[in-house]
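Shown here: final-v4.tsv, TSV, N, CA and C atoms.
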```
chain	number	residue	atom	x	y	z
A	775	MET	N	-6.74	2.21	-16.27
A	775	MET	CA	-7.30	2.11	-14.94
A	775	MET	C	-7.31	3.49	-14.31
A	776	LEU	N	-8.41	3.84	-13.71
A	776	LEU	CA	-8.52	5.15	-13.08
A	776	LEU	C	-8.69	5.08	-11.57
A	777	GLY	N	-8.65	3.93	-10.99
A	777	GLY	CA	-8.82	3.85	-9.55
A	777	GLY	C	-8.48	2.49	-9.01
A	778	PHE	N	-8.65	2.37	-7.71
A	778	PHE	CA	-8.37	1.12	-7.02
A	778	PHE	C	-9.69	0.54	-6.54
A	779	HIS	N	-9.68	-0.75	-6.19
A	779	HIS	CA	-10.90	-1.39	-5.72
A	779	HIS	C	-10.55	-2.50	-4.73
A	780	SER	N	-11.57	-3.01	-4.07
A	780	SER	CA	-11.36	-3.98	-2.99
A	780	SER	C	-10.90	-5.34	-3.49
A	781	ALA	N	-11.03	-5.64	-4.77
A	781	ALA	CA	-10.59	-6.93	-5.29
A	781	ALA	C	-9.08	-7.00	-5.49
A	782	GLN	N	-8.41	-5.85	-5.46
A	782	GLN	CA	-6.96	-5.84	-5.63
A	782	GLN	C	-6.27	-6.15	-4.31
A	783	ARG	N	-5.01	-6.59	-4.40
A	783	ARG	CA	-4.19	-6.81	-3.20
A	783	ARG	C	-3.25	-5.64	-3.05
A	784	TYR	N	-3.01	-5.22	-1.81
A	784	TYR	CA	-2.20	-4.05	-1.51
A	784	TYR	C	-1.07	-4.43	-0.57
A	785	PHE	N	0.13	-3.94	-0.87
A	785	PHE	CA	1.29	-4.22	-0.04
A	785	PHE	C	2.07	-2.94	0.21
A	786	ILE	N	2.39	-2.70	1.49
A	786	ILE	CA	3.20	-1.55	1.88
A	786	ILE	C	4.64	-1.99	2.01
A	787	CYS	N	5.54	-1.24	1.43
A	787	CYS	CA	6.98	-1.44	1.63
A	787	CYS	C	7.32	-0.78	2.95
A	788	THR	N	7.85	-1.54	3.90
A	788	THR	CA	8.10	-0.99	5.24
A	788	THR	C	9.36	-0.13	5.30
A	789	ALA	N	10.24	-0.24	4.32
A	789	ALA	CA	11.45	0.59	4.27
A	789	ALA	C	11.12	1.92	3.62
A	790	ALA	N	11.72	2.99	4.13
A	790	ALA	CA	11.54	4.31	3.50
A	790	ALA	C	12.16	4.29	2.11
A	791	VAL	N	11.50	4.94	1.17
A	791	VAL	CA	11.94	4.94	-0.22
A	791	VAL	C	12.19	6.37	-0.68
A	792	ASP	N	13.24	6.56	-1.45
A	792	ASP	CA	13.57	7.85	-2.04
A	792	ASP	C	12.48	8.20	-3.05
A	793	MET	N	11.77	9.29	-2.82
A	793	MET	CA	10.65	9.66	-3.67
A	793	MET	C	11.08	10.23	-5.03
A	794	ARG	N	12.38	10.33	-5.25
A	794	ARG	CA	12.85	10.71	-6.59
A	794	ARG	C	12.76	9.53	-7.54
A	795	LYS	N	12.56	8.34	-6.99
A	795	LYS	CA	12.43	7.15	-7.85
A	795	LYS	C	11.16	7.24	-8.68
A	796	GLY	N	11.30	6.85	-9.92
A	796	GLY	CA	10.14	6.78	-10.81
A	796	GLY	C	9.67	5.34	-10.91
A	797	ILE	N	8.98	5.05	-11.98
A	797	ILE	CA	8.42	3.71	-12.17
A	797	ILE	C	9.51	2.64	-12.19
A	798	ASP	N	10.57	2.85	-12.96
A	798	ASP	CA	11.63	1.84	-13.04
A	798	ASP	C	12.33	1.63	-11.71
A	799	GLY	N	12.59	2.71	-10.98
A	799	GLY	CA	13.23	2.60	-9.67
A	799	GLY	C	12.36	1.86	-8.67
A	800	LEU	N	11.06	2.14	-8.68
A	800	LEU	CA	10.14	1.45	-7.76
A	800	LEU	C	9.98	-0.02	-8.14
A	801	CYS	N	10.02	-0.31	-9.45
A	801	CYS	CA	9.99	-1.72	-9.88
A	801	CYS	C	11.20	-2.46	-9.32
A	802	GLY	N	12.35	-1.78	-9.29
A	802	GLY	CA	13.54	-2.38	-8.70
A	802	GLY	C	13.37	-2.65	-7.22
A	803	VAL	N	12.72	-1.75	-6.50
A	803	VAL	CA	12.45	-1.95	-5.07
A	803	VAL	C	11.52	-3.15	-4.88
A	804	VAL	N	10.51	-3.26	-5.72
A	804	VAL	CA	9.58	-4.39	-5.62
A	804	VAL	C	10.33	-5.70	-5.82
A	805	ARG	N	11.20	-5.75	-6.81
A	805	ARG	CA	11.94	-6.99	-7.10
A	805	ARG	C	12.97	-7.31	-6.01
A	806	GLN	N	13.78	-6.32	-5.64
A	806	GLN	CA	14.92	-6.57	-4.75
A	806	GLN	C	14.56	-6.55	-3.28
A	807	VAL	N	13.76	-5.60	-2.85
A	807	VAL	CA	13.44	-5.46	-1.43
A	807	VAL	C	12.22	-6.30	-1.05
A	808	LEU	N	11.16	-6.19	-1.84
A	808	LEU	CA	9.93	-6.92	-1.51
A	808	LEU	C	9.91	-8.34	-2.06
A	809	GLU	N	10.88	-8.63	-2.94
A	809	GLU	CA	10.99	-9.95	-3.57
A	809	GLU	C	9.66	-10.37	-4.20
A	810	ASP	N	9.13	-9.48	-5.01
A	810	ASP	CA	7.85	-9.73	-5.67
A	810	ASP	C	7.96	-9.30	-7.13
A	811	ASN	N	6.92	-9.58	-7.88
A	811	ASN	CA	6.88	-9.25	-9.30
A	811	ASN	C	6.07	-7.97	-9.49
A	812	PRO	N	6.67	-6.89	-9.98
A	812	PRO	CA	5.91	-5.65	-10.14
A	812	PRO	C	4.79	-5.75	-11.17
A	813	MET	N	4.81	-6.78	-12.02
A	813	MET	CA	3.75	-6.96	-13.02
A	813	MET	C	2.64	-7.89	-12.52
A	814	SER	N	2.61	-8.16	-11.22
A	814	SER	CA	1.64	-9.08	-10.63
A	814	SER	C	0.21	-8.54	-10.63
A	815	GLY	N	0.07	-7.24	-10.74
A	815	GLY	CA	-1.25	-6.63	-10.61
A	815	GLY	C	-1.53	-6.15	-9.19
A	816	TYR	N	-0.64	-6.50	-8.25
A	816	TYR	CA	-0.77	-6.01	-6.88
A	816	TYR	C	-0.43	-4.52	-6.86
A	817	VAL	N	-0.97	-3.81	-5.88
A	817	VAL	CA	-0.66	-2.40	-5.69
A	817	VAL	C	0.42	-2.31	-4.62
A	818	PHE	N	1.55	-1.72	-4.96
A	818	PHE	CA	2.68	-1.57	-4.04
A	818	PHE	C	2.71	-0.12	-3.56
A	819	ILE	N	2.84	0.05	-2.24
A	819	ILE	CA	2.74	1.36	-1.62
A	819	ILE	C	4.07	1.70	-0.97
A	820	PHE	N	4.58	2.90	-1.26
A	820	PHE	CA	5.89	3.34	-0.78
A	820	PHE	C	5.76	4.69	-0.10
A	821	PHE	N	6.44	4.85	1.05
A	821	PHE	CA	6.48	6.12	1.76
A	821	PHE	C	7.92	6.61	1.83
A	822	ASN	N	8.08	7.94	1.95
A	822	ASN	CA	9.41	8.48	2.18
A	822	ASN	C	9.71	8.45	3.68
A	823	LYS	N	10.93	8.83	4.04
A	823	LYS	CA	11.36	8.77	5.44
A	823	LYS	C	10.50	9.66	6.34
A	824	ASP	N	10.14	10.84	5.86
A	824	ASP	CA	9.35	11.77	6.66
A	824	ASP	C	7.86	11.42	6.68
A	825	ARG	N	7.46	10.47	5.87
A	825	ARG	CA	6.08	9.98	5.76
A	825	ARG	C	5.09	11.09	5.39
A	826	ASP	N	5.56	12.03	4.58
A	826	ASP	CA	4.66	13.05	4.05
A	826	ASP	C	4.44	12.89	2.55
A	827	LYS	N	5.03	11.85	1.98
A	827	LYS	CA	4.85	11.54	0.56
A	827	LYS	C	4.59	10.04	0.42
A	828	VAL	N	3.75	9.69	-0.55
A	828	VAL	CA	3.45	8.29	-0.82
A	828	VAL	C	3.36	8.10	-2.32
A	829	LYS	N	3.80	6.95	-2.78
A	829	LYS	CA	3.64	6.56	-4.18
A	829	LYS	C	3.02	5.17	-4.20
A	830	LEU	N	2.10	4.97	-5.12
A	830	LEU	CA	1.46	3.67	-5.34
A	830	LEU	C	1.78	3.24	-6.75
A	831	LEU	N	2.23	2.01	-6.89
A	831	LEU	CA	2.62	1.47	-8.20
A	831	LEU	C	1.81	0.22	-8.48
A	832	VAL	N	1.26	0.14	-9.68
A	832	VAL	CA	0.49	-1.05	-10.07
A	832	VAL	C	0.66	-1.27	-11.57
A	833	TRP	N	0.68	-2.53	-11.96
A	833	TRP	CA	0.71	-2.90	-13.37
A	833	TRP	C	-0.72	-2.94	-13.86
A	834	ASP	N	-1.02	-2.16	-14.89
A	834	ASP	CA	-2.31	-2.19	-15.55
A	834	ASP	C	-2.19	-3.18	-16.71
A	835	THR	N	-3.18	-3.34	-17.51
A	835	THR	CA	-3.16	-4.35	-18.57
A	835	THR	C	-2.05	-4.14	-19.59
A	836	ASP	N	-1.62	-2.91	-19.79
A	836	ASP	CA	-0.61	-2.66	-20.82
A	836	ASP	C	0.51	-1.72	-20.39
A	837	GLY	N	0.64	-1.47	-19.11
A	837	GLY	CA	1.71	-0.61	-18.62
A	837	GLY	C	1.55	-0.33	-17.14
A	838	TYR	N	2.53	0.38	-16.59
A	838	TYR	CA	2.51	0.73	-15.17
A	838	TYR	C	1.72	2.01	-14.94
A	839	VAL	N	1.09	2.08	-13.77
A	839	VAL	CA	0.42	3.29	-13.31
A	839	VAL	C	1.05	3.65	-11.97
A	840	MET	N	1.41	4.93	-11.81
A	840	MET	CA	2.00	5.38	-10.55
A	840	MET	C	1.21	6.59	-10.05
A	841	TYR	N	0.78	6.51	-8.80
A	841	TYR	CA	0.11	7.63	-8.15
A	841	TYR	C	1.07	8.20	-7.12
A	842	HIS	N	1.05	9.53	-6.98
A	842	HIS	CA	1.96	10.21	-6.05
A	842	HIS	C	1.14	11.23	-5.27
A	843	LYS	N	1.25	11.19	-3.94
A	843	LYS	CA	0.57	12.17	-3.10
A	843	LYS	C	1.58	12.80	-2.16
A	844	ARG	N	1.54	14.13	-2.08
A	844	ARG	CA	2.41	14.87	-1.17
A	844	ARG	C	1.53	15.67	-0.23
A	845	LEU	N	1.70	15.46	1.07
A	845	LEU	CA	0.92	16.21	2.05
A	845	LEU	C	1.55	17.59	2.25
A	846	GLU	N	0.74	18.60	2.31
A	846	GLU	CA	1.23	19.95	2.59
A	846	GLU	C	1.46	20.14	4.09
A	847	ARG	N	0.73	19.36	4.90
A	847	ARG	CA	0.94	19.41	6.34
A	847	ARG	C	0.53	18.06	6.91
A	848	GLY	N	1.25	17.59	7.91
A	848	GLY	CA	0.93	16.32	8.54
A	848	GLY	C	1.72	15.17	7.93
A	849	THR	N	1.45	13.98	8.44
A	849	THR	CA	2.15	12.78	7.97
A	849	THR	C	1.15	11.63	7.84
A	850	PHE	N	1.59	10.61	7.12
A	850	PHE	CA	0.81	9.38	7.02
A	850	PHE	C	1.11	8.52	8.24
A	851	GLU	N	0.11	7.81	8.71
A	851	GLU	CA	0.25	6.95	9.88
A	851	GLU	C	1.25	5.81	9.61
A	852	ILE	N	2.00	5.48	10.63
A	852	ILE	CA	2.91	4.34	10.55
A	852	ILE	C	2.11	3.10	10.97
A	853	ILE	N	2.08	2.12	10.10
A	853	ILE	CA	1.36	0.88	10.38
A	853	ILE	C	2.26	-0.03	11.21
A	854	GLU	N	1.72	-0.58	12.30
A	854	GLU	CA	2.50	-1.48	13.15
A	854	GLU	C	2.90	-2.72	12.37
A	855	GLN	N	4.12	-3.19	12.65
A	855	GLN	CA	4.65	-4.33	11.90
A	855	GLN	C	5.54	-5.17	12.80
A	856	SER	N	5.74	-6.40	12.42
A	856	SER	CA	6.70	-7.24	13.12
A	856	SER	C	8.09	-6.93	12.57
A	857	GLU	N	9.08	-7.01	13.42
A	857	GLU	CA	10.44	-6.66	13.02
A	857	GLU	C	10.94	-7.58	11.91
A	858	GLY	N	11.60	-7.00	10.93
A	858	GLY	CA	12.16	-7.76	9.83
A	858	GLY	C	11.19	-7.99	8.68
A	859	ASN	N	9.95	-7.56	8.85
A	859	ASN	CA	8.96	-7.73	7.79
A	859	ASN	C	9.14	-6.63	6.75
A	860	ARG	N	9.41	-7.00	5.51
A	860	ARG	CA	9.68	-6.01	4.46
A	860	ARG	C	8.42	-5.48	3.80
A	861	LYS	N	7.35	-6.26	3.85
A	861	LYS	CA	6.11	-5.77	3.26
A	861	LYS	C	4.93	-6.20	4.10
A	862	LEU	N	3.95	-5.33	4.13
A	862	LEU	CA	2.74	-5.58	4.89
A	862	LEU	C	1.55	-5.60	3.94
A	863	SER	N	0.66	-6.53	4.16
A	863	SER	CA	-0.57	-6.58	3.39
A	863	SER	C	-1.55	-5.57	3.99
A	864	LEU	N	-2.30	-4.93	3.13
A	864	LEU	CA	-3.23	-3.89	3.57
A	864	LEU	C	-4.55	-4.08	2.84
A	865	ARG	N	-5.65	-3.91	3.56
A	865	ARG	CA	-6.97	-3.99	2.93
A	865	ARG	C	-7.29	-2.66	2.25
A	866	TYR	N	-8.16	-2.73	1.26
A	866	TYR	CA	-8.54	-1.54	0.50
A	866	TYR	C	-9.12	-0.45	1.40
A	867	ASP	N	-10.04	-0.83	2.30
A	867	ASP	CA	-10.66	0.18	3.17
A	867	ASP	C	-9.63	0.84	4.08
A	868	HIS	N	-8.62	0.10	4.49
A	868	HIS	CA	-7.55	0.68	5.30
A	868	HIS	C	-6.69	1.62	4.47
A	869	LEU	N	-6.47	1.29	3.20
A	869	LEU	CA	-5.73	2.18	2.31
A	869	LEU	C	-6.45	3.51	2.18
A	870	VAL	N	-7.75	3.47	1.99
A	870	VAL	CA	-8.54	4.69	1.86
A	870	VAL	C	-8.41	5.54	3.12
A	871	MET	N	-8.51	4.90	4.28
A	871	MET	CA	-8.38	5.64	5.54
A	871	MET	C	-6.98	6.22	5.68
A	872	LEU	N	-5.97	5.42	5.37
A	872	LEU	CA	-4.58	5.86	5.47
A	872	LEU	C	-4.33	7.09	4.61
A	873	LEU	N	-4.79	7.06	3.36
A	873	LEU	CA	-4.58	8.18	2.45
A	873	LEU	C	-5.42	9.40	2.83
A	874	SER	N	-6.51	9.17	3.57
A	874	SER	CA	-7.39	10.27	3.98
A	874	SER	C	-7.00	10.87	5.32
A	875	GLY	N	-6.03	10.27	6.01
A	875	GLY	CA	-5.60	10.81	7.29
A	875	GLY	C	-6.35	10.25	8.48
A	876	VAL	N	-7.11	9.20	8.29
A	876	VAL	CA	-7.84	8.57	9.39
A	876	VAL	C	-6.93	7.54	10.04
A	877	SER	N	-6.87	7.54	11.37
A	877	SER	CA	-6.01	6.60	12.09
A	877	SER	C	-6.63	5.20	12.07
A	878	ILE	N	-5.93	4.29	11.44
A	878	ILE	CA	-6.39	2.90	11.38
A	878	ILE	C	-6.30	2.26	12.76
A	879	ARG	N	-5.29	2.64	13.50
A	879	ARG	CA	-5.03	2.06	14.82
A	879	ARG	C	-6.19	2.30	15.78
A	880	HIS	N	-6.87	3.44	15.65
A	880	HIS	CA	-7.93	3.79	16.59
A	880	HIS	C	-9.33	3.50	16.07
A	881	CYS	N	-9.42	2.91	14.90
A	881	CYS	CA	-10.73	2.55	14.35
A	881	CYS	C	-11.12	1.15	14.82
A	882	VAL	N	-12.38	0.99	15.09
A	882	VAL	CA	-12.91	-0.31	15.48
A	882	VAL	C	-13.93	-0.72	14.43
A	883	GLN	N	-13.74	-1.91	13.89
A	883	GLN	CA	-14.67	-2.39	12.88
A	883	GLN	C	-15.77	-3.19	13.54
A	884	ARG	N	-16.99	-2.89	13.18
A	884	ARG	CA	-18.14	-3.61	13.71
A	884	ARG	C	-18.26	-4.94	12.99
A	885	LYS	N	-18.90	-5.91	13.64
A	885	LYS	CA	-19.04	-7.24	13.06
A	885	LYS	C	-19.85	-7.18	11.78
A	886	ARG	N	-19.37	-7.92	10.78
A	886	ARG	CA	-20.04	-8.01	9.49
A	886	ARG	C	-20.00	-9.44	9.01
A	887	PHE	N	-20.93	-9.79	8.13
A	887	PHE	CA	-20.95	-11.11	7.51
A	887	PHE	C	-19.75	-11.25	6.59
A	888	SER	N	-19.16	-12.43	6.58
A	888	SER	CA	-18.06	-12.73	5.68
A	888	SER	C	-18.20	-14.17	5.21
A	889	LYS	N	-18.13	-14.36	3.91
A	889	LYS	CA	-18.21	-15.73	3.38
A	889	LYS	C	-17.08	-16.58	3.92
A	890	LEU	N	-15.91	-15.98	4.13
A	890	LEU	CA	-14.77	-16.72	4.65
A	890	LEU	C	-15.03	-17.25	6.05
A	891	SER	N	-15.68	-16.46	6.90
A	891	SER	CA	-15.93	-16.91	8.28
A	891	SER	C	-16.94	-18.05	8.31
A	892	THR	N	-17.88	-18.11	7.37
A	892	THR	CA	-18.85	-19.21	7.36
A	892	THR	C	-18.23	-20.49	6.82
A	893	ILE	N	-17.27	-20.36	5.93
A	893	ILE	CA	-16.59	-21.53	5.37
A	893	ILE	C	-15.70	-22.20	6.40
A	894	SER	N	-14.99	-21.38	7.19
A	894	SER	CA	-14.04	-21.94	8.16
A	894	SER	C	-14.72	-22.44	9.42
A	895	ALA	N	-15.97	-22.09	9.65
A	895	ALA	CA	-16.67	-22.49	10.88
A	895	ALA	C	-17.15	-23.92	10.83
```

In structure tokens, what does this structure look like?
Amino acid sequence: MLGFHSAQRYFICTAAVDMRKGIDGLCGVVRQVLEDNPMSGYVFIFFNKDRDKVKLLVWDTDGYVMYHKRLERGTFEIIEQSEGNRKLSLRYDHLVMLLSGVSIRHCVQRKRFSKLSTISA
């Protein structure tokens, strides 16, 4: 796998994570803190305390893939959360904005067609 796409599910770990952790350490965080299966195919997103580093972990068809980004200046936006929530679901387009430095909080999405909205109506 060489990239991410909108069909995948994305989860942010709300606790700061030691960026010295590798694949095995992050799998432990997924199991113990997020109470999830690291082999689920979901993309798990981890930030350090200073929010200038991020790691993304995902199970590919035959092994784990880990992406690591370190900002030379600035920080990643803190996503608002309810207290006690260990993981937050994130949409693909929001992940792209987050990694690009665009504030999700100040973006307004224009109305679009959604199959889900027509089914529930």

Residues at most 9 Å from Val804 of chain A, counting only C-alpha atoms, excluding those fewer than 6 positions away in the same chain, as a PyMOL selection string? chain A and resi 787+810-812+818

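Nearest-residue note for Gly815 of chain A: choosing from A:Arg783, A:Lys889, A:His880, A:Lys827, the minimum distance belongs to A:Arg783, counting only C-alpha atoms.
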
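Neighbours of segment 859-871 of chain A closer than or equal to 8 Å, with only N, CA and C atoms counted and sequence neighbours fewer than 6 positions away skipped, come out as Phe778, His779, Ser780, Ala781, Gln782, Arg783, Tyr784, Phe785, Ile786, Cys787, Thr788, Ala789, Val807, Leu808, Glu809, Glu851, Ser877 and Ile878 of chain A.
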
Include N, CA and C atoms and write out the residues we just selected as an mmCIF file, keeping the file's coordinate frame.
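File written: out.cif
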```cif
data_model
loop_
_atom_site.group_PDB
_atom_site.id
_atom_site.type_symbol
_atom_site.label_atom_id
_atom_site.label_comp_id
_atom_site.auth_asym_id
_atom_site.auth_seq_id
_atom_site.Cartn_x
_atom_site.Cartn_y
_atom_site.Cartn_z
ATOM 1 N N PHE A 778 -8.650 2.370 -7.710
ATOM 2 C CA PHE A 778 -8.370 1.120 -7.020
ATOM 3 C C PHE A 778 -9.690 0.540 -6.540
ATOM 4 N N HIS A 779 -9.680 -0.750 -6.190
ATOM 5 C CA HIS A 779 -10.900 -1.390 -5.720
ATOM 6 C C HIS A 779 -10.550 -2.500 -4.730
ATOM 7 N N SER A 780 -11.570 -3.010 -4.070
ATOM 8 C CA SER A 780 -11.360 -3.980 -2.990
ATOM 9 C C SER A 780 -10.900 -5.340 -3.490
ATOM 10 N N ALA A 781 -11.030 -5.640 -4.770
ATOM 11 C CA ALA A 781 -10.590 -6.930 -5.290
ATOM 12 C C ALA A 781 -9.080 -7.000 -5.490
ATOM 13 N N GLN A 782 -8.410 -5.850 -5.460
ATOM 14 C CA GLN A 782 -6.960 -5.840 -5.630
ATOM 15 C C GLN A 782 -6.270 -6.150 -4.310
ATOM 16 N N ARG A 783 -5.010 -6.590 -4.400
ATOM 17 C CA ARG A 783 -4.190 -6.810 -3.200
ATOM 18 C C ARG A 783 -3.250 -5.640 -3.050
ATOM 19 N N TYR A 784 -3.010 -5.220 -1.810
ATOM 20 C CA TYR A 784 -2.200 -4.050 -1.510
ATOM 21 C C TYR A 784 -1.070 -4.430 -0.570
ATOM 22 N N PHE A 785 0.130 -3.940 -0.870
ATOM 23 C CA PHE A 785 1.290 -4.220 -0.040
ATOM 24 C C PHE A 785 2.070 -2.940 0.210
ATOM 25 N N ILE A 786 2.390 -2.700 1.490
ATOM 26 C CA ILE A 786 3.200 -1.550 1.880
ATOM 27 C C ILE A 786 4.640 -1.990 2.010
ATOM 28 N N CYS A 787 5.540 -1.240 1.430
ATOM 29 C CA CYS A 787 6.980 -1.440 1.630
ATOM 30 C C CYS A 787 7.320 -0.780 2.950
ATOM 31 N N THR A 788 7.850 -1.540 3.900
ATOM 32 C CA THR A 788 8.100 -0.990 5.240
ATOM 33 C C THR A 788 9.360 -0.130 5.300
ATOM 34 N N ALA A 789 10.240 -0.240 4.320
ATOM 35 C CA ALA A 789 11.450 0.590 4.270
ATOM 36 C C ALA A 789 11.120 1.920 3.620
ATOM 37 N N VAL A 807 13.760 -5.600 -2.850
ATOM 38 C CA VAL A 807 13.440 -5.460 -1.430
ATOM 39 C C VAL A 807 12.220 -6.300 -1.050
ATOM 40 N N LEU A 808 11.160 -6.190 -1.840
ATOM 41 C CA LEU A 808 9.930 -6.920 -1.510
ATOM 42 C C LEU A 808 9.910 -8.340 -2.060
ATOM 43 N N GLU A 809 10.880 -8.630 -2.940
ATOM 44 C CA GLU A 809 10.990 -9.950 -3.570
ATOM 45 C C GLU A 809 9.660 -10.370 -4.200
ATOM 46 N N GLU A 851 0.110 7.810 8.710
ATOM 47 C CA GLU A 851 0.250 6.950 9.880
ATOM 48 C C GLU A 851 1.250 5.810 9.610
ATOM 49 N N SER A 877 -6.870 7.540 11.370
ATOM 50 C CA SER A 877 -6.010 6.600 12.090
ATOM 51 C C SER A 877 -6.630 5.200 12.070
ATOM 52 N N ILE A 878 -5.930 4.290 11.440
ATOM 53 C CA ILE A 878 -6.390 2.900 11.380
ATOM 54 C C ILE A 878 -6.300 2.260 12.760
#
```

Running DSSP on the backbone, which parts of segment 804-866 of chain A land in strand (DSSP E), as a PyMOL selection string? chain A and resi 817-821+827-833+838-844+861-864

Between A:Ile797, A:Val803, A:Asp792, A:Ile853, single out the one closest to Tyr838 of chain A, counting all atoms listed in the file. A:Ile797

Output, as AutoDock Vina command-line options, the centre and edge lengths in Å (one decimal) of the axis-aligned box that contains all listed atoms of segment 875-891 of chain A with 5 Å of margin on each side.
```
--center_x -13.0 --center_y -3.6 --center_z 10.0 --size_x 25.9 --size_y 38.9 --size_z 23.2
```

Straight-line distance linking atom CA of Phe850 of chain A with atom CA of Val791 of chain A, stated in Å to one decimal: 14.0 Å

For Leu830 of chain A, please output as a list in words all residues within 7 Å (counting only C-alpha atoms; exclusion window: fewer than 4 positions along the same chain).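 Near Leu830 of chain A, the qualifying residues are Val817, Phe818, Ile819, Phe820, Met840, Tyr841 and His842 of chain A.
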
How many Å lie between atom CA of Trp833 of chain A and atom CA of Phe821 of chain A, rounded to one decimal? 18.5 Å

How many Å lie between atom CA of Cys881 of chain A and atom CA of Leu831 of chain A, rounded to one decimal? 26.2 Å

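Among the candidates A:Leu800, A:Met813, A:Val876, A:Leu845, the one nearest to Arg825 of chain A when counting only N, CA and C atoms is A:Leu845.
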
When DSSP works through the backbone of this structure, what residues of chain A end up as alpha helix (DSSP H), shown as an NGL selection string? :A and (797-806 or 866-874 or 889-894)
